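Colleague: Input file: work-v4.tsv. Contents: TSV, C-alpha atoms.
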```tsv
chain	number	residue	atom	x	y	z
A	1	MET	CA	-49.16	39.06	97.78
A	2	SER	CA	-45.45	38.25	98.06
A	3	TYR	CA	-42.75	40.82	98.62
A	4	SER	CA	-39.19	40.46	97.36
A	5	PRO	CA	-36.45	41.61	99.79
A	6	LEU	CA	-35.23	45.15	99.32
A	7	PRO	CA	-31.86	45.42	97.55
A	8	PRO	CA	-28.99	46.86	99.61
A	9	MET	CA	-28.70	50.62	99.43
A	10	ALA	CA	-26.48	51.67	96.53
A	11	GLY	CA	-25.07	54.58	98.52
A	12	ALA	CA	-23.82	52.31	101.31
A	13	ASN	CA	-22.02	50.08	98.79
A	14	THR	CA	-20.42	53.10	97.16
A	15	VAL	CA	-19.12	54.37	100.50
A	16	GLU	CA	-17.73	50.95	101.42
A	17	GLU	CA	-16.08	50.59	98.00
A	18	GLN	CA	-14.52	54.03	98.35
A	19	ARG	CA	-13.15	53.14	101.80
A	20	ALA	CA	-11.76	49.87	100.45
A	21	ARG	CA	-10.03	51.72	97.59
A	22	TRP	CA	-8.58	54.25	100.05
A	23	GLU	CA	-7.29	51.45	102.26
A	24	ARG	CA	-5.65	49.60	99.35
A	25	LYS	CA	-3.92	52.73	98.06
A	26	ARG	CA	-2.95	53.77	101.56
A	27	SER	CA	-1.50	50.34	102.30
A	28	ARG	CA	0.56	50.40	99.08
A	29	THR	CA	1.89	53.89	99.83
A	30	ALA	CA	2.79	52.99	103.43
A	31	LYS	CA	4.64	49.89	102.20
A	32	GLU	CA	6.52	51.90	99.57
A	33	LEU	CA	7.44	54.52	102.18
A	34	LEU	CA	8.92	51.80	104.40
A	35	VAL	CA	10.83	50.07	101.56
A	36	THR	CA	12.34	53.35	100.34
A	37	GLU	CA	13.13	54.40	103.93
A	38	HIS	CA	15.16	51.21	104.37
A	39	ARG	CA	17.04	51.94	101.14
A	40	TYR	CA	17.66	55.54	102.25
A	41	LEU	CA	18.99	54.33	105.62
A	42	GLU	CA	21.36	51.89	103.93
A	43	GLN	CA	22.83	54.70	101.87
A	44	LEU	CA	23.13	57.09	104.84
A	45	ASP	CA	24.76	54.27	106.79
A	46	LEU	CA	27.59	54.17	104.24
A	47	VAL	CA	28.47	57.78	105.03
A	48	VAL	CA	28.01	57.49	108.82
A	49	THR	CA	29.83	54.16	109.23
A	50	PHE	CA	32.62	54.38	106.66
A	51	PHE	CA	33.30	58.11	106.83
A	52	VAL	CA	31.97	60.00	109.87
A	53	THR	CA	32.66	57.36	112.54
A	54	ILE	CA	36.10	56.33	111.26
A	55	LEU	CA	37.24	59.89	110.53
A	56	LYS	CA	36.33	60.92	114.06
A	57	ALA	CA	38.36	58.01	115.47
A	58	LYS	CA	41.37	58.61	113.21
A	59	GLY	CA	41.40	62.39	113.51
A	60	THR	CA	42.16	62.76	109.79
A	61	LEU	CA	40.03	65.90	109.65
A	62	LYS	CA	39.72	68.60	112.29
A	63	PRO	CA	36.36	68.63	114.16
A	64	ALA	CA	35.38	71.97	112.61
A	65	VAL	CA	36.04	70.61	109.11
A	66	MET	CA	34.06	67.47	109.91
A	67	GLU	CA	31.13	69.59	111.12
A	68	THR	CA	31.22	71.68	107.93
A	69	ILE	CA	31.31	68.70	105.55
A	70	PHE	CA	28.78	66.43	107.25
A	71	GLY	CA	26.67	68.90	109.26
A	72	PRO	CA	23.74	67.26	111.09
A	73	LEU	CA	23.94	64.06	108.98
A	74	GLU	CA	24.29	61.77	112.02
A	75	SER	CA	21.17	63.29	113.61
A	76	ILE	CA	19.26	62.93	110.32
A	77	TYR	CA	20.35	59.27	110.22
A	78	SER	CA	19.15	58.69	113.81
A	79	ALA	CA	15.78	60.35	113.09
A	80	SER	CA	15.25	58.06	110.09
A	81	GLN	CA	16.18	54.99	112.14
A	82	VAL	CA	13.43	55.85	114.65
A	83	LEU	CA	10.92	56.57	111.86
A	84	SER	CA	11.76	53.24	110.22
A	85	LEU	CA	11.10	51.34	113.47
A	86	HIS	CA	7.68	53.01	113.86
A	87	LEU	CA	6.78	52.23	110.24
A	88	GLU	CA	7.77	48.58	110.69
A	89	ARG	CA	5.43	48.34	113.71
A	90	GLY	CA	2.59	50.06	111.88
A	91	ASN	CA	2.72	53.17	114.11
A	92	LEU	CA	2.47	55.60	111.23
A	93	GLY	CA	0.91	58.50	113.16
A	94	LEU	CA	3.28	58.33	116.13
A	95	GLY	CA	6.29	57.80	113.87
A	96	LEU	CA	5.50	60.88	111.78
A	97	GLU	CA	4.74	62.99	114.84
A	98	ASN	CA	8.20	62.24	116.28
A	99	PHE	CA	9.89	62.61	112.91
A	100	CYS	CA	8.37	66.05	112.24
A	101	GLN	CA	10.06	67.35	115.39
A	102	LYS	CA	13.40	66.61	113.67
A	103	LEU	CA	12.57	68.13	110.29
A	104	GLU	CA	14.50	71.34	110.93
A	105	LEU	CA	17.67	69.26	110.59
A	106	TYR	CA	16.95	69.04	106.85
A	107	GLY	CA	16.69	72.82	106.56
A	108	HIS	CA	20.00	73.33	108.37
A	109	TYR	CA	21.59	70.62	106.21
A	110	ALA	CA	20.43	72.47	103.07
A	111	GLU	CA	21.73	75.82	104.36
A	112	ASN	CA	25.17	74.30	104.91
A	113	PHE	CA	25.26	72.18	101.73
A	114	GLU	CA	27.09	74.60	99.42
A	115	GLN	CA	29.81	75.28	102.01
A	116	ALA	CA	30.05	71.53	102.69
A	117	ASN	CA	30.84	70.88	99.02
A	118	LYS	CA	33.43	73.66	98.89
A	119	THR	CA	35.16	72.39	102.04
A	120	LEU	CA	35.15	68.80	100.75
A	121	MET	CA	36.81	69.86	97.47
A	122	GLU	CA	39.31	72.00	99.39
A	123	GLN	CA	40.28	69.11	101.68
A	124	LEU	CA	40.70	66.77	98.70
A	125	ARG	CA	43.17	69.25	97.19
A	126	LYS	CA	45.13	69.98	100.36
A	127	ASN	CA	44.85	66.90	102.56
A	128	LYS	CA	46.57	63.91	100.89
A	129	SER	CA	45.74	61.63	103.83
A	130	PHE	CA	42.01	62.36	103.48
A	131	GLN	CA	42.25	61.98	99.71
A	132	ARG	CA	43.69	58.46	100.09
A	133	PHE	CA	41.17	57.56	102.80
A	134	LYS	CA	38.21	58.66	100.66
A	135	LYS	CA	39.44	56.72	97.64
A	136	LEU	CA	39.97	53.57	99.73
A	137	GLN	CA	36.50	53.74	101.33
A	138	GLU	CA	34.78	54.24	97.99
A	139	THR	CA	36.36	51.03	96.62
A	140	ARG	CA	34.51	48.96	99.24
A	141	PRO	CA	31.88	46.65	97.66
A	142	GLN	CA	29.10	48.25	99.74
A	143	PHE	CA	29.51	51.49	97.78
A	144	GLN	CA	28.83	49.84	94.40
A	145	GLY	CA	30.84	52.49	92.58
A	146	ARG	CA	29.18	55.42	94.35
A	147	LYS	CA	31.28	58.28	95.66
A	148	LEU	CA	30.85	60.40	98.78
A	149	GLU	CA	29.70	63.29	96.57
A	150	ASP	CA	26.82	61.08	95.28
A	151	LEU	CA	25.63	60.28	98.81
A	152	LEU	CA	25.76	63.69	100.49
A	153	PRO	CA	22.76	65.17	98.56
A	154	LEU	CA	20.51	62.24	99.59
A	155	PRO	CA	18.76	63.98	102.54
A	156	LEU	CA	17.61	66.83	100.27
A	157	GLN	CA	16.29	64.37	97.69
A	158	ARG	CA	14.57	62.33	100.40
A	159	LEU	CA	12.77	65.38	101.82
A	160	HIS	CA	11.12	65.90	98.43
A	161	GLN	CA	10.01	62.24	98.44
A	162	TYR	CA	8.56	62.52	101.95
A	163	LYS	CA	6.30	65.34	100.79
A	164	HIS	CA	4.79	63.21	98.01
A	165	PHE	CA	4.44	60.07	100.15
A	166	LEU	CA	2.64	61.94	102.93
A	167	ARG	CA	0.31	63.72	100.52
A	168	ASP	CA	-0.64	60.37	98.97
A	169	LEU	CA	-1.27	58.90	102.43
A	170	LEU	CA	-3.42	61.89	103.41
A	171	GLU	CA	-5.51	61.66	100.22
A	172	ASN	CA	-6.27	58.01	100.97
A	173	THR	CA	-7.10	58.33	104.66
A	174	ASN	CA	-10.63	58.74	106.00
A	175	PRO	CA	-11.07	62.47	106.78
A	176	GLY	CA	-13.03	61.60	109.89
A	177	SER	CA	-10.23	59.55	111.47
A	178	ALA	CA	-7.77	60.75	114.11
A	179	GLU	CA	-4.88	59.64	111.89
A	180	TYR	CA	-6.06	62.02	109.17
A	181	GLN	CA	-5.35	64.98	111.48
A	182	GLU	CA	-1.91	63.59	112.34
A	183	LEU	CA	-1.10	63.17	108.64
A	184	ALA	CA	-2.40	66.66	107.85
A	185	ARG	CA	-0.02	68.13	110.44
A	186	ALA	CA	2.85	66.05	109.05
A	187	VAL	CA	2.15	67.19	105.48
A	188	LYS	CA	2.10	70.82	106.65
A	189	SER	CA	5.42	70.44	108.48
A	190	VAL	CA	7.17	68.65	105.61
A	191	SER	CA	5.81	71.14	103.06
A	192	GLU	CA	7.09	74.10	105.10
A	193	VAL	CA	10.61	72.64	105.42
A	194	SER	CA	10.56	71.57	101.76
A	195	GLN	CA	9.69	75.16	100.78
A	196	TRP	CA	12.52	76.40	103.02
A	197	VAL	CA	14.96	74.09	101.21
A	198	GLN	CA	13.61	75.07	97.76
A	199	ASP	CA	14.11	78.76	98.62
A	200	ILE	CA	17.72	78.02	99.63
A	201	VAL	CA	18.32	76.16	96.34
A	202	ARG	CA	16.68	78.95	94.30
A	203	LYS	CA	18.82	81.62	95.97
A	204	ARG	CA	21.96	79.59	95.38
A	205	GLU	CA	21.12	79.01	91.70
A	206	ASN	CA	20.27	82.69	91.27
A	207	SER	CA	23.58	83.70	92.85
A	208	LEU	CA	25.44	81.43	90.41
A	209	GLN	CA	23.58	83.00	87.46
A	210	LEU	CA	24.35	86.55	88.64
A	211	HIS	CA	28.06	85.70	89.04
A	212	ARG	CA	28.10	84.05	85.59
A	213	VAL	CA	26.56	87.09	83.86
A	214	GLN	CA	28.86	89.47	85.76
A	215	LYS	CA	31.87	87.54	84.38
A	216	LEU	CA	30.41	87.66	80.86
A	217	LEU	CA	30.28	91.47	80.88
A	218	LYS	CA	33.34	93.48	79.97
A	219	GLY	CA	34.62	95.71	82.80
A	220	GLN	CA	32.92	96.41	86.11
A	221	LYS	CA	30.73	99.42	85.20
A	222	ILE	CA	27.55	97.37	85.46
A	223	GLN	CA	27.08	95.79	88.89
A	224	VAL	CA	24.91	92.73	88.23
A	225	LEU	CA	25.54	91.41	91.74
A	226	THR	CA	22.95	93.47	93.63
A	227	PRO	CA	21.01	92.23	96.69
A	228	GLY	CA	17.41	91.36	95.88
A	229	ARG	CA	18.04	91.02	92.13
A	230	TRP	CA	16.85	87.85	90.37
A	231	TYR	CA	18.06	86.48	87.04
A	232	ILE	CA	15.20	85.65	84.65
A	233	ARG	CA	16.52	84.91	81.17
A	234	GLU	CA	18.87	85.89	78.33
A	235	GLY	CA	18.99	85.61	74.55
A	236	TRP	CA	19.56	87.23	71.17
A	237	LEU	CA	17.05	89.71	69.74
A	238	LEU	CA	17.12	92.10	66.80
A	239	VAL	CA	16.89	95.81	67.61
A	240	VAL	CA	14.80	97.74	65.04
A	241	PRO	CA	16.36	101.23	64.63
A	242	SER	CA	14.15	104.31	64.41
A	243	LYS	CA	15.76	105.77	61.26
A	244	GLY	CA	15.66	102.94	58.73
A	245	GLU	CA	19.13	101.64	59.53
A	246	GLU	CA	20.02	97.97	59.50
A	247	LEU	CA	18.74	95.67	62.22
A	248	LYS	CA	21.20	95.25	65.09
A	249	ARG	CA	21.63	91.85	66.70
A	250	ARG	CA	22.05	92.21	70.46
A	251	MET	CA	22.32	89.89	73.45
A	252	PHE	CA	19.83	90.81	76.17
A	253	PHE	CA	19.85	89.87	79.86
A	254	LEU	CA	16.58	90.19	81.77
A	255	PHE	CA	16.58	90.53	85.56
A	256	SER	CA	13.83	91.27	88.06
A	257	ASP	CA	14.55	95.02	87.98
A	258	ILE	CA	16.65	95.80	84.88
A	259	PHE	CA	16.98	94.83	81.21
A	260	ILE	CA	20.55	94.91	79.83
A	261	SER	CA	21.43	95.26	76.15
A	262	THR	CA	24.91	94.07	75.09
A	263	LYS	CA	26.97	93.38	72.00
A	264	PRO	CA	29.84	90.88	71.57
A	265	CYS	CA	33.37	92.16	72.07
A	266	HIS	CA	35.78	91.83	69.16
A	267	PRO	CA	36.65	88.13	68.65
A	268	LEU	CA	40.39	88.96	68.39
A	269	HIS	CA	40.56	90.90	71.67
A	270	LEU	CA	43.13	89.29	73.96
A	271	LEU	CA	41.10	89.54	77.17
A	272	ASN	CA	37.49	90.06	76.16
A	273	SER	CA	36.96	87.90	73.06
A	274	ASN	CA	34.31	85.80	74.83
A	275	LYS	CA	32.65	88.70	76.64
A	276	PHE	CA	29.90	91.23	75.98
A	277	ALA	CA	30.06	95.02	76.11
A	278	CYS	CA	27.06	96.71	77.71
A	279	THR	CA	25.25	99.11	75.34
A	280	ALA	CA	22.34	100.11	77.61
A	281	VAL	CA	20.66	99.38	80.94
A	282	TYR	CA	16.90	99.86	81.08
A	283	PRO	CA	15.12	100.09	84.48
A	284	LEU	CA	11.91	98.07	84.42
A	285	HIS	CA	9.91	100.06	86.97
A	286	GLN	CA	8.98	102.62	84.27
A	287	CYS	CA	8.62	100.15	81.40
A	288	VAL	CA	5.48	99.44	79.35
A	289	VAL	CA	5.57	96.22	77.28
A	290	ASP	CA	3.44	95.76	74.15
A	291	LYS	CA	3.39	93.19	71.38
A	292	VAL	CA	3.28	95.09	68.07
A	293	PHE	CA	2.81	91.98	65.96
A	294	GLY	CA	3.19	88.27	66.48
A	295	HIS	CA	-0.27	87.64	67.96
A	296	THR	CA	-1.05	84.97	65.37
A	297	GLN	CA	0.98	81.97	64.20
A	298	SER	CA	3.15	84.11	61.94
A	299	GLU	CA	6.88	84.14	61.44
A	300	GLY	CA	8.21	85.77	64.60
A	301	GLY	CA	7.04	89.05	66.06
A	302	LEU	CA	7.88	92.53	67.30
A	303	LEU	CA	7.88	93.88	70.85
A	304	SER	CA	7.72	97.49	71.96
A	305	LEU	CA	9.32	98.49	75.27
A	306	SER	CA	8.42	102.06	76.21
A	307	PHE	CA	10.48	104.02	78.74
A	308	PRO	CA	10.11	107.72	79.70
A	309	HIS	CA	12.79	108.88	77.22
A	310	LYS	CA	13.15	105.91	74.89
A	311	THR	CA	11.14	103.32	72.95
A	312	LEU	CA	12.87	100.05	72.16
A	313	LEU	CA	11.61	97.88	69.29
A	314	LEU	CA	12.77	94.26	69.51
A	315	MET	CA	12.22	91.62	66.87
A	316	SER	CA	12.64	87.86	66.55
A	317	THR	CA	11.95	85.59	63.60
A	318	ASP	CA	10.96	82.82	66.03
A	319	GLN	CA	7.29	82.98	67.08
A	320	GLN	CA	7.75	81.00	70.32
A	321	ASP	CA	10.82	83.04	71.24
A	322	ILE	CA	9.02	86.38	70.95
A	323	ASN	CA	6.04	85.00	72.91
A	324	ASP	CA	8.35	83.83	75.70
A	325	TRP	CA	10.12	87.20	75.85
A	326	HIS	CA	6.78	89.02	75.91
A	327	GLN	CA	5.55	86.87	78.78
A	328	SER	CA	8.81	87.18	80.75
A	329	LEU	CA	9.00	90.96	80.35
A	330	ARG	CA	5.35	91.54	81.24
A	331	THR	CA	5.63	89.33	84.32
A	332	ALA	CA	8.85	91.03	85.48
A	333	VAL	CA	7.34	94.53	85.08
A	334	ARG	CA	4.08	93.55	86.76
A	335	GLN	CA	5.82	91.96	89.77
A	336	LEU	CA	8.18	94.93	90.16
A	337	LYS	CA	5.31	97.40	90.13
A	338	ALA	CA	3.30	95.29	92.56
```
What would the structure in this file look like if it were written as structure tokens?

Modeller:
Amino acid sequence: MSYSPLPPMAGANTVEEQRARWERKRSRTAKELLVTEHRYLEQLDLVVTFFVTILKAKGTLKPAVMETIFGPLESIYSASQVLSLHLERGNLGLGLENFCQKLELYGHYAENFEQANKTLMEQLRKNKSFQRFKKLQETRPQFQGRKLEDLLPLPLQRLHQYKHFLRDLLENTNPGSAEYQELARAVKSVSEVSQWVQDIVRKRENSLQLHRVQKLLKGQKIQVLTPGRWYIREGWLLVVPSKGEELKRRMFFLFSDIFISTKPCHPLHLLNSNKFACTAVYPLHQCVVDKVFGHTQSEGGLLSLSFPHKTLLLMSTDQQDINDWHQSLRTAVRQLKA
């Protein structure tokens, strides 16, 4: 009786194929990280070489002004140079370990970014010498039409890219390897700093929205600018009166703790023609939100907002609009009560 040789185990092939796929994807990601790091360094080099270094030598800007505009940019540049060298030599784990020790620089850069922009604009208005210098540097062929303002946000954009690159590398690294643990630590560090930066950006954007709405409101009776308050949304809704009167079109502003009803000021008013007069402020902590109709794909819908001494009926002829308002109001009330 003859025996044919046993076929190779299917499971072993599958494991080897999976490892090969991981290695191919990992290799591609590592290469892309290096290529984009080189490009990032070239762009940072424009700022460091043609602005920071020369401005320090010339003394065109005072040291304090320089520090405000450029912050820790030179240190960020140096950290990326070291990372790039490690990546070129294939020392991914060691390179990331060293780089993660410098990640706080990105958080500090983000914290200072708004003030940096303000100071830059201020110097361009007041300091004619700096204005000429900036214009001259930006005409150099290396800049390819880019301005200093285009280059300064690069570290914040790059941080976001690091997070995605490192996650891809982690997903395609053998979980049993020592490098997997190094990558896991790097992903954690980058994610934490990225979240720190996102929180800074969110707070800044929220502050801008609060200031914008405050300027839209007539007078100063309503203080929109309150610590801890978050802007959520705004829009037109129809108020359904309780005694069969006509529908009233009102502009509403929803925040994390209050809901403001307003109406447009008279278009011929000299000072307030583009502003809104506040008609009511509703605290959300005692609000109950219900959808009266608009559950199906009908034309619009009606919301009921119940407060201890008032029930507000709000209508929209747009189905998606009323659904969005319902969701936003319910979420705001739930989070406030939590």

Colleague: Restricting the calculation to only C-alpha atoms, which member of A:Arg89, A:Lys31, A:Lys310, A:Lys118 is positioned closest to Pro241 (chain A)?

Modeller: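 Closest to Pro241 (chain A) of all the choices is A:Lys310.
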
Colleague: For CA of Trp196 (chain A) and CA of Ser27 (chain A), quote the distance in Å rounded to one decimal.

Modeller: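 Interatomic distance here is 29.6 Å.
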
Colleague: Pick from A:Leu169, A:Ala338, A:Ala79, A:Leu159: nearest to Glu192 (chain A), with all atoms listed in the file counted?

Modeller: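 Ranking A:Leu169, A:Ala338, A:Ala79, A:Leu159 by distance to Glu192 (chain A), first place goes to A:Leu159.
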
Colleague: Using Å and a single decimal, report how far CA of Pro283 (chain A) sits from CA of Gln214 (chain A).

Modeller: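 It comes out at 17.4 Å.
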
Colleague: Find the residues around Glu114 (chain A) up to 12 Å (all atoms listed in the file counted), leave out those fewer than 6 positions away in its own chain, and share them as a VMD selection string.

Modeller: chain A and resid 68 to 71 108 120 to 121 149 152 to 153 200 to 201 203 to 205 207 to 208

Colleague: Figure out the distance between CA of Phe259 (chain A) and CA of Val289 (chain A), please, to one decimal in Å.

Modeller: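 Calculated distance between CA of Val289 (chain A) and CA of Phe259 (chain A) is 12.1 Å.
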
Colleague: Kindly complete region 249-260 of chain A to all heavy atoms; the output should be written as a CSV table (one decimal), keeping the file's coordinate frame.

Modeller:
```csv
chain,number,residue,atom,x,y,z
A,249,ARG,N,21.8,93.1,65.9
A,249,ARG,CA,21.6,91.8,66.7
A,249,ARG,C,22.3,92.1,68.0
A,249,ARG,O,23.5,92.4,68.1
A,249,ARG,CB,22.3,90.6,66.0
A,249,ARG,CG,22.0,89.3,66.6
A,249,ARG,CD,22.3,88.2,65.6
A,249,ARG,NE,22.0,86.9,66.2
A,249,ARG,CZ,22.9,86.1,66.8
A,249,ARG,NH1,24.2,86.5,66.9
A,249,ARG,NH2,22.6,84.9,67.3
A,250,ARG,N,21.5,91.9,69.1
A,250,ARG,CA,22.0,92.2,70.5
A,250,ARG,C,21.7,91.1,71.4
A,250,ARG,O,20.7,90.4,71.3
A,250,ARG,CB,21.4,93.5,71.0
A,250,ARG,CG,21.9,94.8,70.2
A,250,ARG,CD,23.3,95.1,70.5
A,250,ARG,NE,23.7,96.4,69.9
A,250,ARG,CZ,24.5,96.4,68.8
A,250,ARG,NH1,24.8,95.3,68.2
A,250,ARG,NH2,24.8,97.6,68.3
A,251,MET,N,22.6,90.9,72.4
A,251,MET,CA,22.3,89.9,73.4
A,251,MET,C,21.7,90.6,74.6
A,251,MET,O,22.3,91.6,75.1
A,251,MET,CB,23.6,89.2,73.9
A,251,MET,CG,23.5,88.4,75.2
A,251,MET,SD,22.4,87.0,75.0
A,251,MET,CE,23.5,85.8,74.2
A,252,PHE,N,20.5,90.2,75.1
A,252,PHE,CA,19.8,90.8,76.2
A,252,PHE,C,19.8,89.9,77.4
A,252,PHE,O,19.7,88.7,77.3
A,252,PHE,CB,18.4,91.1,75.8
A,252,PHE,CG,18.3,92.3,74.8
A,252,PHE,CD1,18.3,92.1,73.4
A,252,PHE,CD2,18.2,93.6,75.3
A,252,PHE,CE1,18.2,93.2,72.5
A,252,PHE,CE2,18.1,94.7,74.4
A,252,PHE,CZ,18.1,94.5,73.0
A,253,PHE,N,19.9,90.6,78.6
A,253,PHE,CA,19.8,89.9,79.9
A,253,PHE,C,18.7,90.5,80.6
A,253,PHE,O,18.7,91.7,80.9
A,253,PHE,CB,21.2,90.0,80.6
A,253,PHE,CG,22.3,89.4,80.0
A,253,PHE,CD1,23.1,90.1,79.1
A,253,PHE,CD2,22.6,88.0,80.2
A,253,PHE,CE1,24.2,89.5,78.5
A,253,PHE,CE2,23.7,87.4,79.6
A,253,PHE,CZ,24.5,88.1,78.7
A,254,LEU,N,17.7,89.7,81.0
A,254,LEU,CA,16.6,90.2,81.8
A,254,LEU,C,16.7,89.8,83.2
A,254,LEU,O,16.9,88.6,83.6
A,254,LEU,CB,15.3,89.6,81.2
A,254,LEU,CG,14.0,90.0,81.9
A,254,LEU,CD1,13.7,91.5,82.0
A,254,LEU,CD2,12.8,89.2,81.3
A,255,PHE,N,16.6,90.8,84.1
A,255,PHE,CA,16.6,90.5,85.6
A,255,PHE,C,15.3,91.0,86.1
A,255,PHE,O,14.4,91.6,85.4
A,255,PHE,CB,17.8,91.2,86.2
A,255,PHE,CG,19.1,90.8,85.7
A,255,PHE,CD1,19.7,91.4,84.6
A,255,PHE,CD2,19.7,89.7,86.3
A,255,PHE,CE1,20.9,91.0,84.1
A,255,PHE,CE2,21.0,89.2,85.8
A,255,PHE,CZ,21.5,89.9,84.7
A,256,SER,N,15.1,90.9,87.4
A,256,SER,CA,13.8,91.3,88.1
A,256,SER,C,13.6,92.8,88.1
A,256,SER,O,12.5,93.2,88.2
A,256,SER,CB,13.8,90.7,89.5
A,256,SER,OG,14.9,91.1,90.2
A,257,ASP,N,14.7,93.6,87.9
A,257,ASP,CA,14.6,95.0,88.0
A,257,ASP,C,15.2,95.8,86.8
A,257,ASP,O,14.9,97.0,86.6
A,257,ASP,CB,15.2,95.5,89.3
A,257,ASP,CG,16.7,95.2,89.4
A,257,ASP,OD1,17.1,94.2,88.8
A,257,ASP,OD2,17.4,96.0,90.0
A,258,ILE,N,16.0,95.1,86.0
A,258,ILE,CA,16.6,95.8,84.9
A,258,ILE,C,16.7,94.9,83.7
A,258,ILE,O,16.6,93.7,83.8
A,258,ILE,CB,18.1,96.3,85.2
A,258,ILE,CG1,19.0,95.1,85.7
A,258,ILE,CG2,18.1,97.4,86.2
A,258,ILE,CD1,20.4,95.4,85.8
A,259,PHE,N,16.9,95.5,82.5
A,259,PHE,CA,17.0,94.8,81.2
A,259,PHE,C,18.3,95.4,80.5
A,259,PHE,O,18.4,96.6,80.3
A,259,PHE,CB,15.7,95.2,80.4
A,259,PHE,CG,15.6,94.4,79.1
A,259,PHE,CD1,15.8,93.0,79.1
A,259,PHE,CD2,15.3,95.0,77.9
A,259,PHE,CE1,15.6,92.3,77.9
A,259,PHE,CE2,15.1,94.3,76.7
A,259,PHE,CZ,15.3,93.0,76.7
A,260,ILE,N,19.2,94.5,80.3
A,260,ILE,CA,20.6,94.9,79.8
A,260,ILE,C,20.7,94.5,78.4
A,260,ILE,O,20.5,93.4,78.0
A,260,ILE,CB,21.7,94.3,80.7
A,260,ILE,CG1,21.6,94.7,82.1
A,260,ILE,CG2,23.0,94.7,80.1
A,260,ILE,CD1,22.7,94.1,83.0
```
